[in-house]
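Chemist: First, the structure itself, so that you have it in front of you.
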Amino acid sequence: MRIAMSCLVLLAALPPGAGAQAPSHQGRAIAPAAAVRIFNLAGTVRVTGWNRDSIDVTAVVPEGAGRLVFGGGSGGVKLGIDPPVGVVNYPGSLVEVKVSSLARVWIKTESAEILVSGLTSSVDVSSVSGRIVITGEVAQVSAESMDGGIDVEVTAALVRLKSAGGAIVLRGQATDATLSTVSGAATAVVRGLERGRMETVGGNLTFDTELRAGGNYTLESHSGDINIRLPAAVNGAVDLSALEGRVVNRLTKNPVRSANRGRGESAAFSAGTADADLVARTFKGTITIELQTN
Amino acid sequence: MTCAQLDQLLDDYLDDRLDAAVRGDLESHLAGCGNCRAAEERLRTVLEGARRLPRSIDPPRNLWPEIAARLPAREAPAVAGRITWRRWLPLAAAAVLLIAVTAVVTRQLSRRPPVIAAAPTPAPTAGAGFASDRDYVLAAEDLERVLREGRDRLAPATVEIIERNLALIDAAIAEAREALRADPANADLRALLWGAHRQKLDLLDRATRLTRS
Amino acid sequence: MTDPIQRARDGDPDAFRVLYEGHVGRIYALCLRLSGDPARAEELVQDTFVRAWEKLPGFRGESAFGTWLFRIAVNVVHAEGRSRGRREARVALTADTDALPAPGRAPDPGTRLDMEQAIAGLPEGARTVFLLYDVEGYQHAEIARMTGIAEGTSKAQLFRARRLLREVLSP
């Protein structure tokens with residue numbers, strides 16, 4: 001957001017007339033399911049799906065920030081900001097793209113934030129430290145960051161979100177979701193999930209879902225806490241294990257037992273008829289299972 | 001030479017396969033026939049277009065992790081070869097488990113044996129061909145070497161992020177390993193240790209990819 | 001540093017990765033053009049390298065490694081095509097990011113993408129021979145060995161491919 005704001009401030013500060021960085025504009029007709037690759041190291045990339053078989057790019061590239069490149073044909077387009085050569089600190093650019101909602105879109109940035117909405121086919125984005133926000137009904141979502149936050153609110157079949165230090169939030173509907181962090185927190189509030197995997201080393205995990213027939217859910221942390229929120233009627237088998245941590249069961253009357261030679265705790269129970277499996281394990285975090293509030 | 005005869009010889013003409021006499025005939029026909037000159041021109045355009053096509057196109061993503069994951073072990077004549085291969089096993093497993101986003105891998109993922117139910121529990125598998133804690137360490141060392149060589153190309157802030165998170169993972173690995181030493185049969189512990197190893201390999205893989213981009 | 005082919009043949013995946021990195025661009029380009037589908041091309045590239053790894057012990061260097069790899073790729077693509085019984089719509093080539101026209105240049109009809117699309121529209125046999133001969137620069141004898149067709153068939157397919165392309169690409 002800070003970067004977006006600075007872009008806006010920069011825009012506003014530019015004097016009219018000579019020297020002003022007029023937005024560059026490019027566009028062309030494309031096949032509806034074209035592949036679109038976008039790169040912009042610093043600044044902002046905003047991609048919006050629209051109901052036209054074309055791509056429309058507006059870029060605001062400040063002085064010294066490089067130049068907009070745009071190439072390709074109807075089947076595939078690659079565009080982005082070629083940074084200045086040999087310069088380490090250069091201002092960020094804003095790349096605003098409107099593209100056929102069926103297009104398959106790849107975005108790569110370093111510090112630039114990535115904002116995607118209205119795409120329906122596949123979105124594959126990666127950033128080093130930029131924030132990533134994806135919304136819409138999209139078949140496949142893959143987002144990867146080192147330190148940036150990832151915020152995804154979608155209806156999707158397949159979701160893969162990965163960050164080292166950044167926080168990850170997934171909301172909406174997904175059939176298959178994997179969230180992975182090292183130190184960042186990860187939150188999944190998801191319905192319709194048949195396969196879910198969340199893993200972290202030191203971040204806290206929050207998993208809010210319902211167990212579906214045949215579903216398989218695995219949550220793992222080393223030192224982070226794991227919070228599980230389920231509907232009152234558990235439909236499947238739940239197995240919680242904290243090797244040198246605690247287990248708190250606020251969902252059912254099943255007891256929490258001492259485990260791992262008294263160093264940890266565990267709880268296991270099953271109910272209903274569905275053959276769903278939920279496994280949560282932590283080395284020294286606390287696993288809490290409780291009732292969903294929404 | 002008729003237009004039809006010329007049409008049959010045009011390819012050989014442009015491929016320079018005609019003997020001098022036939023070529024002479026053909027060229028004198030061409031000199032006086034606009035239609036055949038147009039045909040020759042079109043064929044030249046096709047051939048030049050073909051020659052101008054890039055012979056190498058980079059795939060849109062790195063396909064190696066999935067390939068590495070599928071390489072079956074081979075009886076190697078050289079001992080060193082076998083050792084190096086074993087280094088890749090855990091990385092390959094990690095790649096399958098963590099990196100890939102293709103449907104193929106998704107199917108593989110969903111076929112992964114379920115981990116840990118009630119006791120007695122089978123040891124969780126870390127992926128096809130999994131070897132040992134030591135193999136993960138060796139695989140990580142390989143990537144750490146690559147990262148060291150390329151770290152100058154990363155921004156200092158990025159290096160800091162990577163190192164901070166690697167340190168966290170290393171501490172987790174050390175703790176889990178220590179606990180596993182005291183309780184070697186504990187399947188949950190092993191699953192957590194393997195998980196930390198995979199996280200480390202994945203982070204290293206992403207970091208080394210950044211050094212190349 | 002020993003030869004990566006030798007080391008890969010001895011079972012060293014690090015060495016095989018070196019070979020992968022040296023050849024993946026050309027194999028991907030071939031698979032992309034033969035299959036006409038970027039996603040399938042990725043799978044075909046993977047299959048090609050896995051097959052190559054399996055077959056490496058039998059590689060004796062009679063041909064260049066690149067040619068040997070091409071032969072495997074052609075076989076993988078054709079085997080996959082047969083098993084699929086495909087005739088799906090060929091999507092336009094995409095993703096070939098490095099070969100895009102320079103920015104700011106006016107669109108240039110009759111070049112790259114048109115050419116790619118025209119090749120994608122060729123019948124399979126003609127397409128294969130055209131790619132190997134006119135794009136990749138192999139001779140008919142090599143193409144015959146790679147694809148298992150007779151040399152005369154290779155020539156006939158090339159003739160056919162060029163003729164079709166002339167038609168398609170005429171203004």
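Residues are referred to by chain and number: the chain letter is A, B, ... according to the order shown in the structure tokens, the number counts from 1 in that chain, and ligands are numbered separately from 1 in the order shown.
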Taking 4 positions as the minimum chain separation for residues in the same chain, which residues sit within 10 Å of Ala233 (chain A) when counting only C-alpha atoms? Answer as a list in words.

Modeler: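 Near neighbours after the sequence-gap exclusion: Glu210, Leu211, Leu251, Thr252, Ala271, Gly272 and Leu291 of chain A.
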
Chemist: Kindly save the residues from that selection, with N, CA and C atoms included, as a PDB file, in the first residue's frame.

Modeler:
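Printed below is selection17.pdb as written:
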ATOM      1  N   GLU A 210     -14.934 -27.088   7.252  1.00  0.00           N
ATOM      2  CA  GLU A 210     -15.708 -28.238   7.702  1.00  0.00           C
ATOM      3  C   GLU A 210     -15.082 -29.477   7.077  1.00  0.00           C
ATOM      4  N   LEU A 211     -15.281 -30.626   7.724  1.00  0.00           N
ATOM      5  CA  LEU A 211     -14.692 -31.850   7.186  1.00  0.00           C
ATOM      6  C   LEU A 211     -15.650 -32.445   6.178  1.00  0.00           C
ATOM      7  N   LEU A 251     -14.055 -28.190  21.627  1.00  0.00           N
ATOM      8  CA  LEU A 251     -15.095 -28.565  20.673  1.00  0.00           C
ATOM      9  C   LEU A 251     -15.906 -29.762  21.161  1.00  0.00           C
ATOM     10  N   THR A 252     -15.218 -30.749  21.719  1.00  0.00           N
ATOM     11  CA  THR A 252     -15.915 -31.968  22.139  1.00  0.00           C
ATOM     12  C   THR A 252     -15.558 -32.285  23.589  1.00  0.00           C
ATOM     13  N   ALA A 271     -16.219 -38.847  14.785  1.00  0.00           N
ATOM     14  CA  ALA A 271     -17.669 -38.771  14.886  1.00  0.00           C
ATOM     15  C   ALA A 271     -18.244 -38.703  13.482  1.00  0.00           C
ATOM     16  N   GLY A 272     -19.522 -39.002  13.375  1.00  0.00           N
ATOM     17  CA  GLY A 272     -20.173 -38.936  12.064  1.00  0.00           C
ATOM     18  C   GLY A 272     -19.802 -40.122  11.200  1.00  0.00           C
ATOM     19  N   LEU A 291     -15.185 -24.356  18.422  1.00  0.00           N
ATOM     20  CA  LEU A 291     -16.366 -24.246  17.567  1.00  0.00           C
ATOM     21  C   LEU A 291     -16.235 -23.040  16.633  1.00  0.00           C
TER      22      LEU A 291
END

Chemist: At a cut-off of 9 Å, using only C-alpha atoms, what residues contact His29 (chain B)? Leave out same-chain residues fewer than 5 positions from it and give the result as a ChimeraX atom specification.

Modeler: /B:1-3,6,24,36

Chemist: Within 8 Å of chain B, which residues of chain A show up? Give each one with its shortest atom-to-atom distance in Å (one decimal) and the two atoms involved, counting only C-alpha atoms, rows by chain then rising residue number, as JSON lines.

Modeler:
{"residue": "A:Val128", "atom": "CA", "partner": "B:Thr158", "partner_atom": "CA", "distance": 7.3}
{"residue": "A:Ser129", "atom": "CA", "partner": "B:Thr158", "partner_atom": "CA", "distance": 8.0}
{"residue": "A:Ser142", "atom": "CA", "partner": "B:Val101", "partner_atom": "CA", "distance": 7.3}
{"residue": "A:Met146", "atom": "CA", "partner": "B:Ile161", "partner_atom": "CA", "distance": 7.3}
{"residue": "A:Asp147", "atom": "CA", "partner": "B:Ile161", "partner_atom": "CA", "distance": 6.9}
{"residue": "A:Arg160", "atom": "CA", "partner": "B:Val101", "partner_atom": "CA", "distance": 7.1}
{"residue": "A:Ala164", "atom": "CA", "partner": "B:Asn165", "partner_atom": "CA", "distance": 6.6}
{"residue": "A:Gly165", "atom": "CA", "partner": "B:Asn165", "partner_atom": "CA", "distance": 7.0}
{"residue": "A:Val182", "atom": "CA", "partner": "B:Asn165", "partner_atom": "CA", "distance": 6.3}
{"residue": "A:Ser183", "atom": "CA", "partner": "B:Asn165", "partner_atom": "CA", "distance": 6.6}
{"residue": "A:Arg195", "atom": "CA", "partner": "B:Ser110", "partner_atom": "CA", "distance": 7.7}
{"residue": "A:Val201", "atom": "CA", "partner": "B:Ile169", "partner_atom": "CA", "distance": 6.4}
{"residue": "A:Gly202", "atom": "CA", "partner": "B:Leu168", "partner_atom": "CA", "distance": 7.3}
{"residue": "A:Asn216", "atom": "CA", "partner": "B:Pro114", "partner_atom": "CA", "distance": 7.9}
{"residue": "A:Glu220", "atom": "CA", "partner": "B:Leu192", "partner_atom": "CA", "distance": 7.1}
{"residue": "A:Ser221", "atom": "CA", "partner": "B:Leu192", "partner_atom": "CA", "distance": 7.5}
{"residue": "A:His222", "atom": "CA", "partner": "B:Ala172", "partner_atom": "CA", "distance": 6.4}
{"residue": "A:Ser223", "atom": "CA", "partner": "B:Ala172", "partner_atom": "CA", "distance": 7.9}
{"residue": "A:Asp239", "atom": "CA", "partner": "B:Ala117", "partner_atom": "CA", "distance": 6.8}
{"residue": "A:Ser241", "atom": "CA", "partner": "B:Asp188", "partner_atom": "CA", "distance": 7.7}
{"residue": "A:Leu243", "atom": "CA", "partner": "B:Leu189", "partner_atom": "CA", "distance": 7.4}
{"residue": "A:Ala268", "atom": "CA", "partner": "B:Ala118", "partner_atom": "CA", "distance": 7.6}
{"residue": "A:Val279", "atom": "CA", "partner": "B:Ile116", "partner_atom": "CA", "distance": 7.4}
{"residue": "A:Arg281", "atom": "CA", "partner": "B:Asp188", "partner_atom": "CA", "distance": 7.0}
{"residue": "A:Thr282", "atom": "CA", "partner": "B:Leu192", "partner_atom": "CA", "distance": 7.4}
{"residue": "A:Phe283", "atom": "CA", "partner": "B:Leu192", "partner_atom": "CA", "distance": 7.3}

Chemist: Output N, CA and C atoms of each residue in that selection to a file, as an mmCIF file, in the first residue's frame.

Modeler:
data_model
loop_
_atom_site.group_PDB
_atom_site.id
_atom_site.type_symbol
_atom_site.label_atom_id
_atom_site.label_comp_id
_atom_site.auth_asym_id
_atom_site.auth_seq_id
_atom_site.Cartn_x
_atom_site.Cartn_y
_atom_site.Cartn_z
ATOM 1 N N VAL A 128 9.049 -10.962 -4.061
ATOM 2 C CA VAL A 128 9.993 -11.180 -2.966
ATOM 3 C C VAL A 128 9.446 -10.543 -1.694
ATOM 4 N N SER A 129 9.118 -9.263 -1.795
ATOM 5 C CA SER A 129 8.644 -8.593 -0.586
ATOM 6 C C SER A 129 7.335 -7.836 -0.792
ATOM 7 N N SER A 142 -1.807 -19.616 -7.629
ATOM 8 C CA SER A 142 -0.537 -19.922 -7.010
ATOM 9 C C SER A 142 0.140 -18.604 -6.683
ATOM 10 N N MET A 146 8.532 -14.087 -0.462
ATOM 11 C CA MET A 146 9.501 -14.335 0.597
ATOM 12 C C MET A 146 9.012 -13.685 1.890
ATOM 13 N N ASP A 147 8.693 -12.411 1.775
ATOM 14 C CA ASP A 147 8.383 -11.670 2.987
ATOM 15 C C ASP A 147 7.082 -10.890 2.897
ATOM 16 N N ARG A 160 -2.421 -22.607 -4.048
ATOM 17 C CA ARG A 160 -1.097 -22.848 -3.464
ATOM 18 C C ARG A 160 -0.528 -21.506 -3.030
ATOM 19 N N ALA A 164 7.729 -17.083 3.170
ATOM 20 C CA ALA A 164 8.652 -17.407 4.259
ATOM 21 C C ALA A 164 8.252 -16.579 5.482
ATOM 22 N N GLY A 165 8.418 -15.276 5.381
ATOM 23 C CA GLY A 165 8.152 -14.436 6.539
ATOM 24 C C GLY A 165 6.798 -13.745 6.525
ATOM 25 N N VAL A 182 7.217 -20.098 6.724
ATOM 26 C CA VAL A 182 8.271 -20.464 7.679
ATOM 27 C C VAL A 182 7.999 -19.769 9.008
ATOM 28 N N SER A 183 7.931 -18.429 8.954
ATOM 29 C CA SER A 183 7.703 -17.701 10.202
ATOM 30 C C SER A 183 6.413 -16.886 10.188
ATOM 31 N N ARG A 195 -9.111 -31.245 0.250
ATOM 32 C CA ARG A 195 -7.740 -31.530 0.666
ATOM 33 C C ARG A 195 -7.105 -30.227 1.133
ATOM 34 N N VAL A 201 6.892 -23.328 10.308
ATOM 35 C CA VAL A 201 7.872 -23.664 11.340
ATOM 36 C C VAL A 201 7.527 -22.876 12.604
ATOM 37 N N GLY A 202 7.499 -21.559 12.459
ATOM 38 C CA GLY A 202 7.292 -20.755 13.655
ATOM 39 C C GLY A 202 6.046 -19.886 13.637
ATOM 40 N N ASN A 216 -9.086 -34.816 3.441
ATOM 41 C CA ASN A 216 -7.797 -35.075 4.084
ATOM 42 C C ASN A 216 -7.152 -33.739 4.419
ATOM 43 N N GLU A 220 0.687 -28.707 10.279
ATOM 44 C CA GLU A 220 1.941 -28.981 10.976
ATOM 45 C C GLU A 220 2.639 -27.694 11.353
ATOM 46 N N SER A 221 3.136 -27.641 12.571
ATOM 47 C CA SER A 221 3.983 -26.514 12.967
ATOM 48 C C SER A 221 5.075 -27.040 13.875
ATOM 49 N N HIS A 222 6.159 -26.309 13.922
ATOM 50 C CA HIS A 222 7.186 -26.683 14.894
ATOM 51 C C HIS A 222 6.910 -25.962 16.214
ATOM 52 N N SER A 223 6.945 -24.638 16.159
ATOM 53 C CA SER A 223 6.727 -23.898 17.410
ATOM 54 C C SER A 223 5.475 -23.028 17.364
ATOM 55 N N ASP A 239 -7.132 -36.023 14.850
ATOM 56 C CA ASP A 239 -5.991 -36.517 15.623
ATOM 57 C C ASP A 239 -5.049 -35.345 15.882
ATOM 58 N N SER A 241 -1.802 -33.751 18.033
ATOM 59 C CA SER A 241 -0.644 -34.201 18.781
ATOM 60 C C SER A 241 0.352 -33.062 18.978
ATOM 61 N N LEU A 243 3.877 -32.538 20.722
ATOM 62 C CA LEU A 243 4.922 -33.374 21.310
ATOM 63 C C LEU A 243 5.485 -32.799 22.590
ATOM 64 N N ALA A 268 -7.605 -37.414 20.411
ATOM 65 C CA ALA A 268 -8.060 -38.018 19.162
ATOM 66 C C ALA A 268 -9.515 -38.405 19.322
ATOM 67 N N VAL A 279 -5.433 -34.231 10.703
ATOM 68 C CA VAL A 279 -4.278 -34.479 11.567
ATOM 69 C C VAL A 279 -3.587 -33.151 11.832
ATOM 70 N N ARG A 281 -0.254 -31.641 14.048
ATOM 71 C CA ARG A 281 0.854 -31.957 14.953
ATOM 72 C C ARG A 281 1.769 -30.746 15.093
ATOM 73 N N THR A 282 2.282 -30.602 16.300
ATOM 74 C CA THR A 282 3.227 -29.523 16.555
ATOM 75 C C THR A 282 4.305 -30.039 17.489
ATOM 76 N N PHE A 283 5.461 -29.429 17.408
ATOM 77 C CA PHE A 283 6.505 -29.839 18.340
ATOM 78 C C PHE A 283 6.265 -29.165 19.683
#

Chemist: Counting only C-alpha atoms, give me one row per residue of chain A with an atom at most 6 Å from an atom of chain C, showing the shortest contact pair and its distance in Å to one decimal, sorted by chain then residue number, as a tab-separated table.

Modeler:
residue	atom	partner	partner_atom	distance
A:Ala35	CA	C:Thr94	CA	5.9
A:Val69	CA	C:Pro103	CA	5.1
A:Phe70	CA	C:Pro103	CA	5.3
A:Gly71	CA	C:Leu100	CA	5.4
A:Gly72	CA	C:Leu100	CA	5.1
A:Gly75	CA	C:Thr94	CA	4.9
A:Gly76	CA	C:Thr94	CA	4.1

Chemist: Ranking C:Ile149, C:Leu165, C:Ala52, C:Ala120 by minimum distance to chain B and counting only C-alpha atoms, which one comes first?

Modeler: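 Counting only C-alpha atoms, the residue closest to chain B is C:Leu165.
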
Chemist: Within 12 Å of Thr206 (chain A), counting only C-alpha atoms, which residues qualify if same-chain residues fewer than 5 places away don't, as a ChimeraX atom specification?

Modeler: /A:167-171,179,184-190,197-200,219-221,224-230,280,286-290,292

Chemist: Any chance you could export the current selection's C-alpha atoms as a PDB file, in the first residue's frame?

Modeler:
ATOM      1  CA  ALA A 167       1.457 -13.718   6.545  1.00  0.00           C
ATOM      2  CA  ILE A 168      -0.960 -15.687   4.381  1.00  0.00           C
ATOM      3  CA  VAL A 169      -4.725 -15.392   4.466  1.00  0.00           C
ATOM      4  CA  LEU A 170      -7.041 -17.535   2.355  1.00  0.00           C
ATOM      5  CA  ARG A 171     -10.785 -16.976   2.424  1.00  0.00           C
ATOM      6  CA  LEU A 179      -0.582 -22.862   2.647  1.00  0.00           C
ATOM      7  CA  GLY A 184       4.598 -15.942   8.952  1.00  0.00           C
ATOM      8  CA  ALA A 185       1.087 -16.666  10.195  1.00  0.00           C
ATOM      9  CA  ALA A 186      -1.279 -18.568   7.924  1.00  0.00           C
ATOM     10  CA  THR A 187      -5.049 -18.400   8.084  1.00  0.00           C
ATOM     11  CA  ALA A 188      -7.484 -20.422   6.008  1.00  0.00           C
ATOM     12  CA  VAL A 189     -11.189 -19.781   6.331  1.00  0.00           C
ATOM     13  CA  VAL A 190     -12.372 -22.068   3.599  1.00  0.00           C
ATOM     14  CA  ARG A 197      -2.443 -28.732   3.986  1.00  0.00           C
ATOM     15  CA  MET A 198      -1.000 -25.998   6.173  1.00  0.00           C
ATOM     16  CA  GLU A 199       2.548 -26.002   7.363  1.00  0.00           C
ATOM     17  CA  THR A 200       4.792 -23.628   9.182  1.00  0.00           C
ATOM     18  CA  LEU A 219      -1.641 -29.094   9.796  1.00  0.00           C
ATOM     19  CA  GLU A 220       1.941 -28.981  10.976  1.00  0.00           C
ATOM     20  CA  SER A 221       3.983 -26.514  12.967  1.00  0.00           C
ATOM     21  CA  GLY A 224       3.700 -22.025  16.093  1.00  0.00           C
ATOM     22  CA  ASP A 225       0.227 -22.475  17.551  1.00  0.00           C
ATOM     23  CA  ILE A 226      -2.457 -24.290  15.592  1.00  0.00           C
ATOM     24  CA  ASN A 227      -6.045 -23.101  15.898  1.00  0.00           C
ATOM     25  CA  ILE A 228      -8.724 -25.318  14.398  1.00  0.00           C
ATOM     26  CA  ARG A 229     -12.320 -24.201  14.075  1.00  0.00           C
ATOM     27  CA  LEU A 230     -14.956 -26.697  13.009  1.00  0.00           C
ATOM     28  CA  ALA A 280      -2.558 -31.669  13.419  1.00  0.00           C
ATOM     29  CA  THR A 286      -0.394 -25.224  21.350  1.00  0.00           C
ATOM     30  CA  ILE A 287      -3.163 -26.887  19.368  1.00  0.00           C
ATOM     31  CA  THR A 288      -6.609 -25.506  20.088  1.00  0.00           C
ATOM     32  CA  ILE A 289      -9.758 -26.943  18.563  1.00  0.00           C
ATOM     33  CA  GLU A 290     -12.963 -25.006  18.994  1.00  0.00           C
ATOM     34  CA  GLN A 292     -16.704 -22.208  14.448  1.00  0.00           C
TER      35      GLN A 292
END

Chemist: Quick one, how far is CA of Leu169 (chain C) from CA of Ser35 (chain C)?

Modeler: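 Distance reported for this atom pair: 20.5 Å.
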
Chemist: Quick one: of C:Pro57, C:Pro4, C:Gly25, C:Pro123, who's nearest to chain B, counting only C-alpha atoms?

Modeler: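 Between C:Pro57, C:Pro4, C:Gly25, C:Pro123, the residue approaching chain B most closely is C:Gly25.
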
Chemist: Using only C-alpha atoms and a distance of at most 8 Å, pull out the residues of chain C that contact chain B, as a JSON list (two decimals) with N, CA and C atoms, in the first residue's frame.

Modeler:
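Result file follows (part-v2.json):
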[["chain", "number", "residue", "atom", "x", "y", "z"],
["C", 7, "ARG", "N", 29.18, -38.39, -16.65],
["C", 7, "ARG", "CA", 28.78, -38.45, -15.24],
["C", 7, "ARG", "C", 27.29, -38.75, -15.10],
["C", 10, "ASP", "N", 26.68, -42.23, -15.55],
["C", 10, "ASP", "CA", 27.05, -42.98, -14.35],
["C", 10, "ASP", "C", 26.07, -42.78, -13.20],
["C", 11, "GLY", "N", 25.02, -42.03, -13.46],
["C", 11, "GLY", "CA", 23.98, -41.92, -12.44],
["C", 11, "GLY", "C", 24.01, -40.64, -11.62],
["C", 12, "ASP", "N", 24.72, -39.63, -12.10],
["C", 12, "ASP", "CA", 24.86, -38.39, -11.32],
["C", 12, "ASP", "C", 23.80, -37.37, -11.77],
["C", 13, "PRO", "N", 22.78, -37.15, -10.96],
["C", 13, "PRO", "CA", 21.72, -36.23, -11.37],
["C", 13, "PRO", "C", 22.19, -34.78, -11.46],
["C", 14, "ASP", "N", 23.22, -34.41, -10.70],
["C", 14, "ASP", "CA", 23.74, -33.05, -10.84],
["C", 14, "ASP", "C", 24.24, -32.81, -12.26],
["C", 17, "ARG", "N", 21.41, -32.52, -14.57],
["C", 17, "ARG", "CA", 20.80, -31.20, -14.51],
["C", 17, "ARG", "C", 21.55, -30.22, -15.42],
["C", 20, "TYR", "N", 20.30, -30.91, -18.72],
["C", 20, "TYR", "CA", 18.93, -30.37, -18.82],
["C", 20, "TYR", "C", 18.99, -28.87, -19.11],
["C", 24, "VAL", "N", 17.20, -27.66, -22.44],
["C", 24, "VAL", "CA", 15.75, -27.58, -22.22],
["C", 24, "VAL", "C", 15.08, -26.59, -23.16],
["C", 25, "GLY", "N", 15.77, -25.51, -23.50],
["C", 25, "GLY", "CA", 15.15, -24.51, -24.37],
["C", 25, "GLY", "C", 14.81, -25.09, -25.73],
["C", 26, "ARG", "N", 15.75, -25.84, -26.29],
["C", 26, "ARG", "CA", 15.50, -26.41, -27.62],
["C", 26, "ARG", "C", 14.47, -27.53, -27.56],
["C", 27, "ILE", "N", 14.51, -28.30, -26.49],
["C", 27, "ILE", "CA", 13.53, -29.39, -26.38],
["C", 27, "ILE", "C", 12.13, -28.81, -26.15],
["C", 28, "TYR", "N", 12.06, -27.76, -25.33],
["C", 28, "TYR", "CA", 10.75, -27.14, -25.10],
["C", 28, "TYR", "C", 10.21, -26.55, -26.41],
["C", 29, "ALA", "N", 11.08, -25.87, -27.15],
["C", 29, "ALA", "CA", 10.64, -25.27, -28.42],
["C", 29, "ALA", "C", 10.10, -26.36, -29.34],
["C", 30, "LEU", "N", 10.81, -27.48, -29.41],
["C", 30, "LEU", "CA", 10.37, -28.57, -30.29],
["C", 30, "LEU", "C", 9.04, -29.14, -29.81],
["C", 42, "GLU", "N", 5.11, -28.76, -21.65],
["C", 42, "GLU", "CA", 5.84, -28.90, -20.39],
["C", 42, "GLU", "C", 5.90, -30.36, -19.97],
["C", 46, "GLN", "N", 9.24, -32.88, -19.70],
["C", 46, "GLN", "CA", 9.55, -33.69, -18.53],
["C", 46, "GLN", "C", 9.70, -35.16, -18.93],
["C", 47, "ASP", "N", 8.75, -35.65, -19.73],
["C", 47, "ASP", "CA", 8.83, -37.06, -20.16],
["C", 47, "ASP", "C", 10.11, -37.31, -20.95],
["C", 49, "PHE", "N", 13.03, -35.79, -20.74],
["C", 49, "PHE", "CA", 14.24, -35.87, -19.91],
["C", 49, "PHE", "C", 14.23, -37.11, -19.02],
["C", 50, "VAL", "N", 13.05, -37.51, -18.58],
["C", 50, "VAL", "CA", 13.01, -38.75, -17.78],
["C", 50, "VAL", "C", 13.40, -39.95, -18.65],
["C", 53, "TRP", "N", 17.12, -39.89, -19.24],
["C", 53, "TRP", "CA", 17.85, -40.40, -18.06],
["C", 53, "TRP", "C", 17.85, -41.93, -18.07],
["C", 54, "GLU", "N", 16.67, -42.49, -18.39],
["C", 54, "GLU", "CA", 16.58, -43.96, -18.41],
["C", 54, "GLU", "C", 17.45, -44.57, -19.51],
["C", 95, "ALA", "N", 3.63, -17.76, -24.58],
["C", 95, "ALA", "CA", 4.68, -17.99, -23.60],
["C", 95, "ALA", "C", 6.12, -17.93, -24.07],
["C", 96, "ASP", "N", 6.34, -17.79, -25.36],
["C", 96, "ASP", "CA", 7.73, -17.83, -25.80],
["C", 96, "ASP", "C", 8.34, -16.45, -25.55],
["C", 97, "THR", "N", 8.55, -16.22, -24.32],
["C", 97, "THR", "CA", 8.77, -14.86, -23.87],
["C", 97, "THR", "C", 10.03, -14.22, -24.42],
["C", 98, "ASP", "N", 11.02, -15.02, -24.67],
["C", 98, "ASP", "CA", 12.27, -14.40, -25.05],
["C", 98, "ASP", "C", 12.31, -13.99, -26.51],
["C", 99, "ALA", "N", 11.37, -14.49, -27.26],
["C", 99, "ALA", "CA", 11.43, -14.25, -28.69],
["C", 99, "ALA", "C", 10.42, -13.22, -29.15],
["C", 111, "THR", "N", 5.19, -12.74, -39.97],
["C", 111, "THR", "CA", 6.40, -13.20, -39.27],
["C", 111, "THR", "C", 6.04, -14.19, -38.18],
["C", 112, "ARG", "N", 6.80, -14.12, -37.16],
["C", 112, "ARG", "CA", 6.85, -15.08, -36.09],
["C", 112, "ARG", "C", 5.54, -15.81, -35.77],
["C", 115, "MET", "N", 3.84, -17.49, -38.61],
["C", 115, "MET", "CA", 4.62, -18.66, -39.00],
["C", 115, "MET", "C", 4.35, -19.82, -38.02],
["C", 134, "ASP", "N", 13.71, -27.64, -41.74],
["C", 134, "ASP", "CA", 13.83, -26.21, -42.06],
["C", 134, "ASP", "C", 14.04, -25.33, -40.83],
["C", 135, "VAL", "N", 13.56, -25.78, -39.68],
["C", 135, "VAL", "CA", 13.79, -24.96, -38.48],
["C", 135, "VAL", "C", 15.06, -25.42, -37.79],
["C", 136, "GLU", "N", 15.22, -26.72, -37.64],
["C", 136, "GLU", "CA", 16.35, -27.23, -36.86],
["C", 136, "GLU", "C", 17.59, -27.52, -37.70],
["C", 159, "PHE", "N", 8.28, -31.62, -48.71],
["C", 159, "PHE", "CA", 7.67, -31.01, -49.89],
["C", 159, "PHE", "C", 6.24, -30.60, -49.60],
["C", 162, "ARG", "N", 6.07, -27.65, -47.02],
["C", 162, "ARG", "CA", 6.40, -26.35, -47.61],
["C", 162, "ARG", "C", 5.29, -25.86, -48.52],
["C", 163, "ARG", "N", 4.70, -26.79, -49.26],
["C", 163, "ARG", "CA", 3.63, -26.41, -50.16],
["C", 163, "ARG", "C", 2.45, -25.85, -49.37],
["C", 165, "LEU", "N", 2.48, -24.57, -46.41],
["C", 165, "LEU", "CA", 2.84, -23.29, -45.79],
["C", 165, "LEU", "C", 2.82, -22.16, -46.81],
["C", 166, "ARG", "N", 3.27, -22.46, -48.01],
["C", 166, "ARG", "CA", 3.21, -21.44, -49.06],
["C", 166, "ARG", "C", 1.79, -20.96, -49.26],
["C", 169, "LEU", "N", 0.52, -19.04, -46.05],
["C", 169, "LEU", "CA", 1.17, -17.76, -45.76],
["C", 169, "LEU", "C", 1.14, -16.80, -46.94],
["C", 170, "SER", "N", 0.50, -17.21, -48.06],
["C", 170, "SER", "CA", 0.45, -16.24, -49.16],
["C", 170, "SER", "C", -0.48, -15.11, -48.80]]

Chemist: Quick check, in Å to one decimal: how far apart do CA of Thr128 (chain C) and CA of Leu44 (chain C) lie?

Modeler: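 Interatomic distance, CA of Thr128 (chain C) to CA of Leu44 (chain C): 14.9 Å.
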
Chemist: Measure the distance from CA of Glu43 (chain C) to CA of Ile150 (chain A) in Å and round it to one decimal.

Modeler: 28.8 Å
